[in-house]
Each structure stands twice: as C-alpha cells, then as structure tokens.
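Chemist: Please find upload.pdb (PDB, C-alpha atoms) on the next line:
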ATOM      1  CA  MET A   1     -18.003   7.420  -1.415
ATOM      2  CA  ASN A   2     -14.271   6.873  -1.187
ATOM      3  CA  VAL A   3     -13.187   5.848   2.305
ATOM      4  CA  ILE A   4      -9.530   6.610   1.497
ATOM      5  CA  GLU A   5      -8.112   9.060  -1.011
ATOM      6  CA  THR A   6      -4.455  10.020  -1.162
ATOM      7  CA  HIS A   7      -3.278  12.966  -3.241
ATOM      8  CA  GLY A   8       0.424  13.294  -3.983
ATOM      9  CA  LEU A   9       1.169  11.401  -0.784
ATOM     10  CA  THR A  10       4.910  11.441  -0.123
ATOM     11  CA  LYS A  11       7.125  10.272   2.738
ATOM     12  CA  ARG A  12      10.865  10.748   2.933
ATOM     13  CA  TYR A  13      13.162   9.311   5.596
ATOM     14  CA  ARG A  14      16.390  11.337   5.209
ATOM     15  CA  SER A  15      17.780  10.176   1.845
ATOM     16  CA  LYS A  16      15.189   7.405   1.413
ATOM     17  CA  LEU A  17      12.035   8.249  -0.539
ATOM     18  CA  ALA A  18       9.654   5.653   0.880
ATOM     19  CA  VAL A  19       6.411   6.851  -0.754
ATOM     20  CA  ASP A  20       6.557   8.970  -3.892
ATOM     21  CA  ASN A  21       3.609  11.160  -4.979
ATOM     22  CA  LEU A  22       1.072   8.358  -4.456
ATOM     23  CA  ASP A  23      -2.544   8.787  -5.602
ATOM     24  CA  MET A  24      -4.794   5.973  -4.357
ATOM     25  CA  THR A  25      -8.522   5.446  -3.817
ATOM     26  CA  VAL A  26     -10.307   2.878  -1.664
ATOM     27  CA  ALA A  27     -14.091   2.938  -2.044
ATOM     28  CA  ALA A  28     -16.604   2.144   0.679
ATOM     29  CA  GLY A  29     -17.186  -1.618   0.791
ATOM     30  CA  ASP A  30     -13.906  -2.530  -0.874
ATOM     31  CA  ILE A  31     -11.586  -5.274   0.240
ATOM     32  CA  TYR A  32      -8.521  -3.576  -1.204
ATOM     33  CA  GLY A  33      -5.477  -5.761  -1.792
ATOM     34  CA  PHE A  34      -2.305  -3.655  -1.512
ATOM     35  CA  VAL A  35       0.522  -5.510  -3.244
ATOM     36  CA  GLY A  36       4.231  -4.759  -3.408
ATOM     37  CA  LYS A  37       7.665  -6.111  -2.621
ATOM     38  CA  ASN A  38       9.386  -5.485   0.699
ATOM     39  CA  GLY A  39      10.690  -1.944   0.699
ATOM     40  CA  SER A  40       8.069  -0.743  -1.786
ATOM     41  CA  GLY A  41       6.287   1.551   0.700
ATOM     42  CA  LYS A  42       3.212  -0.502   1.693
ATOM     43  CA  SER A  43       3.566  -0.218   5.458
ATOM     44  CA  THR A  44       4.623   3.430   5.302
ATOM     45  CA  THR A  45       1.532   4.259   3.260
ATOM     46  CA  MET A  46      -0.735   2.448   5.712
ATOM     47  CA  LYS A  47       0.885   4.222   8.661
ATOM     48  CA  MET A  48       0.141   7.601   7.075
ATOM     49  CA  VAL A  49      -3.470   6.562   6.401
ATOM     50  CA  ALA A  50      -3.821   5.458  10.041
ATOM     51  CA  GLY A  51      -2.289   8.677  11.369
ATOM     52  CA  LEU A  52       0.777   6.888  12.730
ATOM     53  CA  ALA A  53       3.198   8.750  10.449
ATOM     54  CA  ARG A  54       3.133  12.311   9.143
ATOM     55  CA  PRO A  55       3.399  12.802   5.369
ATOM     56  CA  THR A  56       6.328  14.800   4.030
ATOM     57  CA  ALA A  57       3.987  16.115   1.329
ATOM     58  CA  GLY A  58       0.511  15.438  -0.035
ATOM     59  CA  GLU A  59      -2.604  14.521   1.887
ATOM     60  CA  VAL A  60      -4.889  11.721   3.063
ATOM     61  CA  VAL A  61      -8.643  12.233   2.815
ATOM     62  CA  LEU A  62     -10.700   9.888   5.003
ATOM     63  CA  PHE A  63     -14.424   9.179   4.628
ATOM     64  CA  GLY A  64     -14.842  11.945   2.071
ATOM     65  CA  ASP A  65     -13.890  14.678   4.565
ATOM     66  CA  PRO A  66     -11.670  17.255   2.813
ATOM     67  CA  GLU A  67     -11.080  19.288   5.973
ATOM     68  CA  ARG A  68      -7.372  19.155   6.797
ATOM     69  CA  GLY A  69      -7.016  16.344   4.320
ATOM     70  CA  GLY A  70      -9.597  14.384   6.259
ATOM     71  CA  ALA A  71      -6.875  13.577   8.803
ATOM     72  CA  THR A  72      -8.983  14.545  11.811
ATOM     73  CA  PRO A  73      -9.343  12.782  15.166
ATOM     74  CA  GLN A  74     -12.894  11.909  14.150
ATOM     75  CA  GLY A  75     -11.623  10.209  10.997
ATOM     76  CA  PHE A  76      -8.864   8.305  12.790
ATOM     77  CA  SER A  77     -11.313   7.106  15.465
ATOM     78  CA  ARG A  78     -13.175   5.143  12.764
ATOM     79  CA  ILE A  79     -10.053   3.149  11.818
ATOM     80  CA  GLY A  80      -8.816  -0.166  13.206
ATOM     81  CA  ALA A  81      -5.237  -1.079  12.334
ATOM     82  CA  LEU A  82      -2.864  -4.041  12.530
ATOM     83  CA  ILE A  83       0.379  -2.764  11.048
ATOM     84  CA  GLU A  84       3.722  -4.619  11.164
ATOM     85  CA  SER A  85       3.160  -6.411  14.503
ATOM     86  CA  PRO A  86       0.303  -6.678  17.021
ATOM     87  CA  GLY A  87       0.571  -4.266  19.951
ATOM     88  CA  VAL A  88      -0.288  -6.636  22.798
ATOM     89  CA  LEU A  89       0.426  -6.779  26.530
ATOM     90  CA  ALA A  90       2.300 -10.061  26.754
ATOM     91  CA  SER A  91       1.767 -10.497  30.501
ATOM     92  CA  LEU A  92      -2.040 -10.484  30.140
ATOM     93  CA  THR A  93      -4.429 -13.022  28.668
ATOM     94  CA  ALA A  94      -5.967 -12.353  25.266
ATOM     95  CA  ARG A  95      -9.302 -11.593  26.877
ATOM     96  CA  ASP A  96      -7.743  -9.144  29.338
ATOM     97  CA  ASN A  97      -6.018  -7.361  26.436
ATOM     98  CA  LEU A  98      -9.353  -6.852  24.719
ATOM     99  CA  VAL A  99     -11.182  -5.853  27.897
ATOM    100  CA  ALA A 100      -8.490  -3.262  28.659
ATOM    101  CA  LYS A 101      -8.827  -1.665  25.229
ATOM    102  CA  ALA A 102     -12.637  -1.726  25.340
ATOM    103  CA  LEU A 103     -12.632  -0.006  28.733
ATOM    104  CA  ALA A 104     -10.100   2.565  27.511
ATOM    105  CA  LEU A 105     -12.528   3.423  24.705
ATOM    106  CA  GLY A 106     -15.355   3.825  27.242
ATOM    107  CA  MET A 107     -17.277   0.791  26.058
ATOM    108  CA  THR A 108     -19.835  -0.867  28.298
ATOM    109  CA  HIS A 109     -20.037  -4.674  28.533
ATOM    110  CA  ALA A 110     -16.317  -4.903  27.762
ATOM    111  CA  GLY A 111     -16.248  -8.599  28.692
ATOM    112  CA  ASP A 112     -18.972  -9.454  26.190
ATOM    113  CA  VAL A 113     -17.183  -7.461  23.487
ATOM    114  CA  ALA A 114     -13.958  -9.374  24.212
ATOM    115  CA  ASP A 115     -15.671 -12.767  24.100
ATOM    116  CA  ASP A 116     -17.420 -12.016  20.802
ATOM    117  CA  LEU A 117     -14.242 -10.789  19.104
ATOM    118  CA  LEU A 118     -12.149 -13.720  20.317
ATOM    119  CA  SER A 119     -14.733 -16.131  18.944
ATOM    120  CA  LEU A 120     -14.801 -14.219  15.637
ATOM    121  CA  VAL A 121     -11.029 -14.600  15.100
ATOM    122  CA  GLY A 122     -10.910 -18.210  16.291
ATOM    123  CA  LEU A 123      -9.416 -17.814  19.782
ATOM    124  CA  ASP A 124     -10.825 -19.368  22.949
ATOM    125  CA  PRO A 125     -12.339 -16.747  25.312
ATOM    126  CA  VAL A 126     -11.644 -19.009  28.318
ATOM    127  CA  ASP A 127      -7.964 -19.600  27.494
ATOM    128  CA  HIS A 128      -6.138 -18.367  30.609
ATOM    129  CA  ARG A 129      -2.645 -18.469  29.140
ATOM    130  CA  ARG A 130      -0.718 -15.226  28.950
ATOM    131  CA  VAL A 131      -0.159 -13.869  25.468
ATOM    132  CA  LYS A 132       3.616 -14.377  25.754
ATOM    133  CA  ALA A 133       2.924 -18.123  25.427
ATOM    134  CA  TYR A 134       1.042 -17.632  22.142
ATOM    135  CA  SER A 135       2.365 -18.626  18.734
ATOM    136  CA  LEU A 136       2.898 -15.957  16.063
ATOM    137  CA  GLY A 137      -0.326 -16.979  14.363
ATOM    138  CA  MET A 138      -2.338 -16.651  17.570
ATOM    139  CA  LYS A 139      -0.834 -13.206  18.179
ATOM    140  CA  GLN A 140      -1.859 -12.214  14.642
ATOM    141  CA  ARG A 141      -5.448 -13.238  15.357
ATOM    142  CA  LEU A 142      -5.406 -11.358  18.652
ATOM    143  CA  GLY A 143      -4.061  -8.314  16.803
ATOM    144  CA  LEU A 144      -7.028  -8.501  14.434
ATOM    145  CA  ALA A 145      -9.437  -8.727  17.374
ATOM    146  CA  LEU A 146      -7.811  -5.667  18.981
ATOM    147  CA  ALA A 147      -8.146  -3.752  15.719
ATOM    148  CA  LEU A 148     -11.882  -4.523  15.739
ATOM    149  CA  VAL A 149     -12.567  -3.131  19.222
ATOM    150  CA  GLY A 150     -14.885  -0.151  18.830
ATOM    151  CA  GLY A 151     -16.449  -1.355  15.570
ATOM    152  CA  PRO A 152     -14.272   0.492  13.015
ATOM    153  CA  ASP A 153     -15.594   1.408   9.583
ATOM    154  CA  LEU A 154     -12.139   0.939   8.018
ATOM    155  CA  LEU A 155      -9.698  -1.854   8.815
ATOM    156  CA  LEU A 156      -6.008  -1.607   7.840
ATOM    157  CA  LEU A 157      -4.179  -4.941   7.919
ATOM    158  CA  ASP A 158      -0.468  -5.276   7.146
ATOM    159  CA  GLU A 159       0.457  -8.888   6.271
ATOM    160  CA  PRO A 160      -2.348 -10.446   8.374
ATOM    161  CA  PHE A 161      -1.668 -13.991   7.073
ATOM    162  CA  ASN A 162       1.916 -14.072   8.385
ATOM    163  CA  GLY A 163       2.589 -17.012  10.684
ATOM    164  CA  LEU A 164      -0.786 -18.661  10.128
ATOM    165  CA  ASP A 165      -1.140 -22.344   9.300
ATOM    166  CA  PRO A 166      -3.594 -23.300   6.500
ATOM    167  CA  GLU A 167      -6.537 -23.782   8.874
ATOM    168  CA  ALA A 168      -5.918 -20.472  10.654
ATOM    169  CA  THR A 169      -5.434 -18.705   7.307
ATOM    170  CA  ARG A 170      -8.814 -19.959   6.137
ATOM    171  CA  ALA A 171     -10.437 -18.844   9.406
ATOM    172  CA  MET A 172      -8.861 -15.393   9.080
ATOM    173  CA  ARG A 173      -9.984 -15.113   5.463
ATOM    174  CA  LEU A 174     -13.563 -16.084   6.291
ATOM    175  CA  ALA A 175     -13.636 -13.646   9.225
ATOM    176  CA  LEU A 176     -12.562 -10.784   6.964
ATOM    177  CA  VAL A 177     -15.167 -11.622   4.319
ATOM    178  CA  ARG A 178     -17.840 -11.823   7.019
ATOM    179  CA  LEU A 179     -16.836  -8.410   8.415
ATOM    180  CA  ASN A 180     -17.037  -6.935   4.950
ATOM    181  CA  HIS A 181     -20.295  -8.571   3.841
ATOM    182  CA  GLU A 182     -22.275  -8.556   7.080
ATOM    183  CA  HIS A 183     -20.965  -5.461   8.828
ATOM    184  CA  GLY A 184     -19.977  -3.263   5.891
ATOM    185  CA  VAL A 185     -16.366  -2.830   7.031
ATOM    186  CA  THR A 186     -14.036  -1.529   4.327
ATOM    187  CA  ILE A 187     -10.750  -3.430   4.497
ATOM    188  CA  MET A 188      -7.292  -2.624   3.132
ATOM    189  CA  ILE A 189      -4.883  -5.573   3.226
ATOM    190  CA  SER A 190      -1.223  -5.698   2.297
ATOM    191  CA  SER A 191       0.055  -9.217   1.757
ATOM    192  CA  HIS A 192       2.698 -11.299   0.000
ATOM    193  CA  VAL A 193       0.343 -14.304   0.067
ATOM    194  CA  LEU A 194      -1.193 -13.572  -3.326
ATOM    195  CA  ASP A 195      -3.281 -16.724  -3.558
ATOM    196  CA  GLN A 196      -5.064 -15.785  -0.307
ATOM    197  CA  LEU A 197      -5.417 -12.147  -1.298
ATOM    198  CA  ASP A 198      -6.920 -13.156  -4.631
ATOM    199  CA  ARG A 199      -9.645 -15.072  -2.768
ATOM    200  CA  VAL A 200     -10.902 -12.049  -0.816
ATOM    201  CA  ALA A 201      -9.928  -8.796  -2.564
ATOM    202  CA  THR A 202     -12.445  -6.910  -4.698
ATOM    203  CA  ARG A 203      -9.905  -4.302  -5.857
ATOM    204  CA  PHE A 204      -6.121  -4.198  -6.039
ATOM    205  CA  GLY A 205      -3.427  -1.548  -5.911
ATOM    206  CA  VAL A 206       0.162  -2.349  -6.859
ATOM    207  CA  ILE A 207       3.043  -0.274  -5.468
ATOM    208  CA  SER A 208       6.645  -0.303  -6.690
ATOM    209  CA  ASP A 209       9.427   1.910  -5.320
ATOM    210  CA  GLY A 210       6.870   4.057  -3.525
ATOM    211  CA  ARG A 211       4.741   4.693  -6.619
ATOM    212  CA  LEU A 212       1.343   3.217  -7.430
ATOM    213  CA  THR A 213       1.786   1.379 -10.734
ATOM    214  CA  ALA A 214      -1.766   0.063 -11.193
ATOM    215  CA  GLU A 215      -5.258  -0.136  -9.688
ATOM    216  CA  PHE A 216      -7.872  -2.584 -10.960
ATOM    217  CA  THR A 217     -10.858  -4.629  -9.860
ATOM    218  CA  ASP A 218     -10.930  -8.366  -9.265
ATOM    219  CA  GLU A 219     -12.922  -8.773 -12.485
ATOM    220  CA  GLU A 220     -10.326  -6.805 -14.464
ATOM    221  CA  LEU A 221      -7.533  -8.916 -12.987
ATOM    222  CA  HIS A 222      -9.143 -12.150 -14.124
ATOM    223  CA  GLU A 223      -9.868 -10.724 -17.565
ATOM    224  CA  ARG A 224      -6.172  -9.853 -17.922
ATOM    225  CA  CYS A 225      -5.088 -13.260 -16.667
ATOM    226  CA  GLY A 226      -7.812 -15.216 -18.449
ATOM    227  CA  SER A 227      -7.567 -18.079 -20.889
ATOM    228  CA  SER A 228      -5.638 -17.812 -24.147
ATOM    229  CA  VAL A 229      -4.683 -20.264 -26.885
ATOM    230  CA  ARG A 230      -1.097 -20.959 -27.890
ATOM    231  CA  VAL A 231      -0.700 -22.162 -31.476
ATOM    232  CA  ARG A 232       2.436 -22.945 -33.499
ATOM    233  CA  LEU A 233       1.961 -22.977 -37.274
ATOM    234  CA  ALA A 234       4.057 -24.509 -40.051
ATOM    235  CA  ALA A 235       3.802 -21.241 -42.030
ATOM    236  CA  PRO A 236       3.413 -18.509 -39.358
ATOM    237  CA  GLU A 237       2.983 -15.417 -41.561
ATOM    238  CA  ARG A 238       0.439 -16.965 -43.930
ATOM    239  CA  GLY A 239      -1.348 -18.680 -41.045
ATOM    240  CA  LEU A 240      -1.603 -15.447 -39.039
ATOM    241  CA  ALA A 241      -3.187 -13.627 -41.973
ATOM    242  CA  LEU A 242      -5.768 -16.393 -42.433
ATOM    243  CA  LEU A 243      -6.567 -16.570 -38.685
ATOM    244  CA  GLU A 244      -7.044 -12.790 -38.488
ATOM    245  CA  GLN A 245      -9.636 -13.096 -41.266
ATOM    246  CA  ALA A 246     -11.363 -16.086 -39.664
ATOM    247  CA  LEU A 247     -11.335 -14.672 -36.091
ATOM    248  CA  PRO A 248     -11.844 -10.893 -36.438
ATOM    249  CA  ARG A 249     -12.672 -10.394 -32.725
ATOM    250  CA  ALA A 250      -9.551 -12.161 -31.478
ATOM    251  CA  THR A 251      -6.202 -10.564 -30.726
ATOM    252  CA  PHE A 252      -2.859 -12.120 -31.620
ATOM    253  CA  ARG A 253       0.567 -11.845 -30.011
ATOM    254  CA  ALA A 254       3.777 -13.364 -31.393
ATOM    255  CA  GLU A 255       5.978 -15.185 -28.893
ATOM    256  CA  PRO A 256       9.808 -15.132 -29.166
ATOM    257  CA  ASP A 257       9.794 -18.805 -30.234
ATOM    258  CA  GLY A 258       7.491 -18.065 -33.173
ATOM    259  CA  ALA A 259       4.247 -19.325 -31.622
ATOM    260  CA  LEU A 260       1.091 -17.194 -31.554
ATOM    261  CA  VAL A 261      -0.943 -16.425 -28.435
ATOM    262  CA  VAL A 262      -4.609 -15.894 -29.285
ATOM    263  CA  THR A 263      -6.974 -14.169 -26.850
ATOM    264  CA  GLY A 264     -10.677 -13.638 -27.355
ATOM    265  CA  ALA A 265     -11.229 -17.044 -28.973
ATOM    266  CA  ALA A 266     -11.746 -20.506 -27.491
ATOM    267  CA  LEU A 267      -9.518 -23.496 -28.238
ATOM    268  CA  ASP A 268     -12.140 -25.170 -30.432
ATOM    269  CA  GLU A 269     -12.669 -21.930 -32.432
ATOM    270  CA  VAL A 270      -8.933 -21.648 -33.192
ATOM    271  CA  SER A 271      -8.766 -25.332 -34.080
ATOM    272  CA  SER A 272     -11.789 -25.094 -36.371
ATOM    273  CA  ALA A 273     -10.425 -21.966 -38.085
ATOM    274  CA  CYS A 274      -7.104 -23.663 -38.752
ATOM    275  CA  PHE A 275      -8.811 -26.770 -40.154
ATOM    276  CA  SER A 276     -11.175 -24.764 -42.399
ATOM    277  CA  ALA A 277      -8.337 -22.646 -43.798
ATOM    278  CA  GLY A 278      -6.077 -25.638 -44.345
ATOM    279  CA  ILE A 279      -3.436 -24.317 -41.929
ATOM    280  CA  GLU A 280      -0.924 -26.908 -40.752
ATOM    281  CA  VAL A 281      -0.748 -26.857 -36.944
ATOM    282  CA  ARG A 282       2.293 -28.106 -35.044
ATOM    283  CA  GLU A 283       1.167 -27.147 -31.531
ATOM    284  CA  LEU A 284      -2.180 -26.144 -30.050
ATOM    285  CA  ALA A 285      -2.869 -25.665 -26.350
ATOM    286  CA  GLN A 286      -4.981 -23.628 -23.964
ATOM    287  CA  GLN A 287      -3.086 -21.678 -21.317
ATOM    288  CA  GLU A 288      -3.806 -19.477 -18.322
ATOM    289  CA  ARG A 289      -1.653 -16.504 -17.394
ATOM    290  CA  ASP A 290      -0.261 -16.946 -13.897
ATOM    291  CA  ILE A 291      -1.689 -14.266 -11.569
ATOM    292  CA  GLU A 292       1.436 -14.169  -9.441
ATOM    293  CA  GLU A 293       3.569 -13.676 -12.546
ATOM    294  CA  TYR A 294       1.351 -10.761 -13.567
ATOM    295  CA  PHE A 295       1.745  -9.075 -10.166
ATOM    296  CA  VAL A 296       5.517  -9.610 -10.231
ATOM    297  CA  GLU A 297       5.615  -7.902 -13.628
ATOM    298  CA  LEU A 298       3.687  -4.892 -12.244
ATOM    299  CA  MET A 299       5.964  -4.750  -9.194
ATOM    300  CA  GLY A 300       9.038  -4.468 -11.384
ATOM    301  CA  GLY A 301      10.197  -8.082 -11.489
ATOM    302  CA  MET A 302      11.942 -10.292  -8.975
ATOM    303  CA  ASP A 303      15.062  -9.333  -7.056
ATOM    304  CA  ASP A 304      17.078 -10.599  -4.135
ATOM    305  CA  GLU A 305      15.647  -8.095  -1.672
ATOM    306  CA  LYS A 306      15.406  -9.342   1.909
ATOM    307  CA  ASP A 307      12.999  -8.394   4.669
ATOM    308  CA  GLY A 308      13.868  -5.227   6.506
ATOM    309  CA  GLY A 309      14.407  -1.551   5.826
ATOM    310  CA  VAL A 310      11.610   0.825   4.977
ATOM    311  CA  ARG A 311       8.432  -1.031   4.041
TER
END
Hey, can you dump this file as structure tokens for me?
Modeler:
Amino acid sequence: MNVIETHGLTKRYRSKLAVDNLDMTVAAGDIYGFVGKNGSGKSTTMKMVAGLARPTAGEVVLFGDPERGGATPQGFSRIGALIESPGVLASLTARDNLVAKALALGMTHAGDVADDLLSLVGLDPVDHRRVKAYSLGMKQRLGLALALVGGPDLLLLDEPFNGLDPEATRAMRLALVRLNHEHGVTIMISSHVLDQLDRVATRFGVISDGRLTAEFTDEELHERCGSSVRVRLAAPERGLALLEQALPRATFRAEPDGALVVTGAALDEVSSACFSAGIEVRELAQQERDIEEYFVELMGGMDDEKDGGVR
C-alpha cells in the first residue's frame, strides 16, 4: 500500500509556482529521502501532505483512501510532522511540552509517554530547564518527540539534522531507523545532509523547481553511482573496438579528455583484456561516482541560491 500518493499536486503563491504538477508515491515502510535545493518546493509539498497548506490543484491521497483525495481528518490524525521549525512552548520544560500534547490528544499516562519519547530522542526526562534555554539541536530533538506523540503511522521531517552535532546526528539517525524497523513507521525526510540521508533512506525523490525529476530506490542509487574503470589508451578508436569485443557485457563512455569510462567490468578484467589484445595503456584506474554530485545533477546543478523564500 502507498502511504502517500500525490496526483498533479500544485501550489501557487501569487506569481510563484512553488509545486508544479507533482506526482509522488511513498510506500508503507519506506524511509523516503526528499532531496532538493532551497526554493525547490520540499517544505511546501510536505505542508500539503500534512494538511497545513491547501493545494491550488491536484490531490493528496493518504493511506490508500481515495475519498476526498484521502485528505480526511482521520488521515491527518495518523501523521506526525516536524516542518521548518519545532512548535514548542519555550516557557515550559521539554517534559511539560510533551505532557501537554499527550493530554490534549486524550492520552492516559501522559507522563510515561513523555519520559519514553524523551529517552528515545536522547533528551533527559528530568531536565528541569525551560526549552528557551535549549540549543537548536536540542529543540530539533524535542520537535521529533512532539511529532511522535500519539504513535503516528507516518512521520514527516523537514531538515531534522539541522543544528545537530555529530553525536546528536547519529542518535537521531538511529532513532529514526528504530522507529521504522521496530514500529513500522513510514518516514519522509527532506534534508541537505546527503551523507546522513544516504545512511537511512530506502527510497529517494528528487525535486527541482517544484517538479519531481526522479524517484529511485537505495539499491538503484548505488547501482548508478557504483564502481567504474577509467582507461586512457594510446590508440583510442582501435582500443575501443578491441575492448568491446573482449568485454561484450560492459558499457563504454568517452570522456572529453579522450579517456574511456567502462562500467560492468572490474579493473582486473579491463587490464587483462588490454594485455591480451596488445593494447597500450597510458592510464588505468578504478573510480566511484560521487553520490552528492549525482544528486546535484538531478537537482539542476549548483547555483548561488540562499536560504529563504518559498521552500
């Protein structure tokens, strides 16, 4: 079952088209990495999924419910969200924030719920400081805990690694994987921290200028960014013809500097083929495609865009 489906989802703010005819699917059990530059429409999309913004056109279907696009109170009640910044009461302690939300949802044993969630996200349940004294990273963790009150089936997290030091980032990452594996929570995460996202996501969606440019699994990502062999030959045309005969399952791509990039064959196979065919080799090396570079390519390249504006 797909937990999220969007069909032609569109959002316009006056002259700004923030999300443009977006079709996206998030399956039950996914940790879905939502990747895009600032201003690409990530946060706006997540707000529409969470029911915090009304689409200009198109629909959101939640939990396979086609009625009214699935955007029913029952569907929204199964969602926990941390979008843009945590909504916390700064004059209360972290525990009191969680207890207040649990009581508002009619939960019994609100104190126990608060203690368990604080421990899960790495905060001290007996810390009596008010939230206004917390660092940005601590507020992020509290925001995650608040999103988990009520045991949601779907968790929407917008840049959850912002402001976290390496230890806190690892704790957050492990908490998300545990929620997914042990409790079956489907998670959608937008993040610029691609190395962290790559460690947890099972599927990815890439958005550029409000349009979804690609969706693929973690396995497909690593196949596309897997090992290749770069070889420079003394006689490129003759050498390419001989290598194509010797390595029929491999694919070959010519680089602007005249070198060949060979995929589908190991370094020792390319070396052996060159030696057997008497091909003079001037350069031979194994290389990995940079994952971040691949995402940047899908997002439309780098620019000088700054934080702010429609996200």
Chemist: May I have the residues at most 10 Å from (2.4, -2.3, 0.6) in the file's coordinates, counting all atoms listed in the file, as a list in words?
Modeler: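 The answer, in the requested form, is Gly33, Phe34, Val35, Gly36, Lys37, Asn38, Gly39, Ser40, Gly41, Lys42, Ser43, Thr44, Thr45, Met46, Asp158, Glu159, Ile189, Ser190, Ser191, His192, Gly205, Val206, Ile207, Ser208, Gly210, Leu212 and Arg311 of chain A.
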Chemist: May I have the residues within 12 Å of stretch 128-145 of chain A as an mmCIF file with C-alpha atoms, keeping the file's coordinate frame, using all atoms listed in the file and disregarding those fewer than 6 positions away in the same chain?
Modeler:
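The new file result.cif reads:
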data_model
loop_
_atom_site.group_PDB
_atom_site.id
_atom_site.type_symbol
_atom_site.label_atom_id
_atom_site.label_comp_id
_atom_site.auth_asym_id
_atom_site.auth_seq_id
_atom_site.Cartn_x
_atom_site.Cartn_y
_atom_site.Cartn_z
ATOM 1 C CA GLY A 80 -8.816 -0.166 13.206
ATOM 2 C CA ALA A 81 -5.237 -1.079 12.334
ATOM 3 C CA LEU A 82 -2.864 -4.041 12.530
ATOM 4 C CA ILE A 83 0.379 -2.764 11.048
ATOM 5 C CA GLU A 84 3.722 -4.619 11.164
ATOM 6 C CA SER A 85 3.160 -6.411 14.503
ATOM 7 C CA PRO A 86 0.303 -6.678 17.021
ATOM 8 C CA GLY A 87 0.571 -4.266 19.951
ATOM 9 C CA VAL A 88 -0.288 -6.636 22.798
ATOM 10 C CA LEU A 89 0.426 -6.779 26.530
ATOM 11 C CA ALA A 90 2.300 -10.061 26.754
ATOM 12 C CA SER A 91 1.767 -10.497 30.501
ATOM 13 C CA LEU A 92 -2.040 -10.484 30.140
ATOM 14 C CA THR A 93 -4.429 -13.022 28.668
ATOM 15 C CA ALA A 94 -5.967 -12.353 25.266
ATOM 16 C CA ARG A 95 -9.302 -11.593 26.877
ATOM 17 C CA ASP A 96 -7.743 -9.144 29.338
ATOM 18 C CA ASN A 97 -6.018 -7.361 26.436
ATOM 19 C CA LEU A 98 -9.353 -6.852 24.719
ATOM 20 C CA VAL A 99 -11.182 -5.853 27.897
ATOM 21 C CA LYS A 101 -8.827 -1.665 25.229
ATOM 22 C CA ALA A 102 -12.637 -1.726 25.340
ATOM 23 C CA VAL A 113 -17.183 -7.461 23.487
ATOM 24 C CA ALA A 114 -13.958 -9.374 24.212
ATOM 25 C CA ASP A 115 -15.671 -12.767 24.100
ATOM 26 C CA ASP A 116 -17.420 -12.016 20.802
ATOM 27 C CA LEU A 117 -14.242 -10.789 19.104
ATOM 28 C CA LEU A 118 -12.149 -13.720 20.317
ATOM 29 C CA SER A 119 -14.733 -16.131 18.944
ATOM 30 C CA LEU A 120 -14.801 -14.219 15.637
ATOM 31 C CA VAL A 121 -11.029 -14.600 15.100
ATOM 32 C CA GLY A 122 -10.910 -18.210 16.291
ATOM 33 C CA GLY A 151 -16.449 -1.355 15.570
ATOM 34 C CA PRO A 152 -14.272 0.492 13.015
ATOM 35 C CA LEU A 155 -9.698 -1.854 8.815
ATOM 36 C CA LEU A 156 -6.008 -1.607 7.840
ATOM 37 C CA LEU A 157 -4.179 -4.941 7.919
ATOM 38 C CA ASP A 158 -0.468 -5.276 7.146
ATOM 39 C CA GLU A 159 0.457 -8.888 6.271
ATOM 40 C CA PRO A 160 -2.348 -10.446 8.374
ATOM 41 C CA PHE A 161 -1.668 -13.991 7.073
ATOM 42 C CA ASN A 162 1.916 -14.072 8.385
ATOM 43 C CA GLY A 163 2.589 -17.012 10.684
ATOM 44 C CA LEU A 164 -0.786 -18.661 10.128
ATOM 45 C CA ASP A 165 -1.140 -22.344 9.300
ATOM 46 C CA PRO A 166 -3.594 -23.300 6.500
ATOM 47 C CA GLU A 167 -6.537 -23.782 8.874
ATOM 48 C CA ALA A 168 -5.918 -20.472 10.654
ATOM 49 C CA THR A 169 -5.434 -18.705 7.307
ATOM 50 C CA ARG A 170 -8.814 -19.959 6.137
ATOM 51 C CA ALA A 171 -10.437 -18.844 9.406
ATOM 52 C CA MET A 172 -8.861 -15.393 9.080
ATOM 53 C CA ARG A 173 -9.984 -15.113 5.463
ATOM 54 C CA ALA A 175 -13.636 -13.646 9.225
ATOM 55 C CA LEU A 176 -12.562 -10.784 6.964
ATOM 56 C CA LEU A 179 -16.836 -8.410 8.415
ATOM 57 C CA ILE A 187 -10.750 -3.430 4.497
ATOM 58 C CA ILE A 189 -4.883 -5.573 3.226
#
Chemist: In Å, rounded to a single decimal, give me how far atom CA of A:Val60 is from atom CA of A:Met48.
Modeler: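 If I compute the distance from atom CA of A:Met48 to atom CA of A:Val60, I get 7.6 Å.
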Chemist: Find the residue from A:Glu219, A:Glu255, A:Asp209, A:Glu237 that sits nearest to A:Lys16; use only C-alpha atoms when measuring.
Modeler: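 Among the listed residues, the smallest separation from A:Lys16 belongs to A:Asp209.
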Chemist: Report the distance between atom CA of A:Lys47 and atom CA of A:Glu182 in Å, rounded to one decimal place.
Modeler: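 These atoms are spaced 26.5 Å apart.
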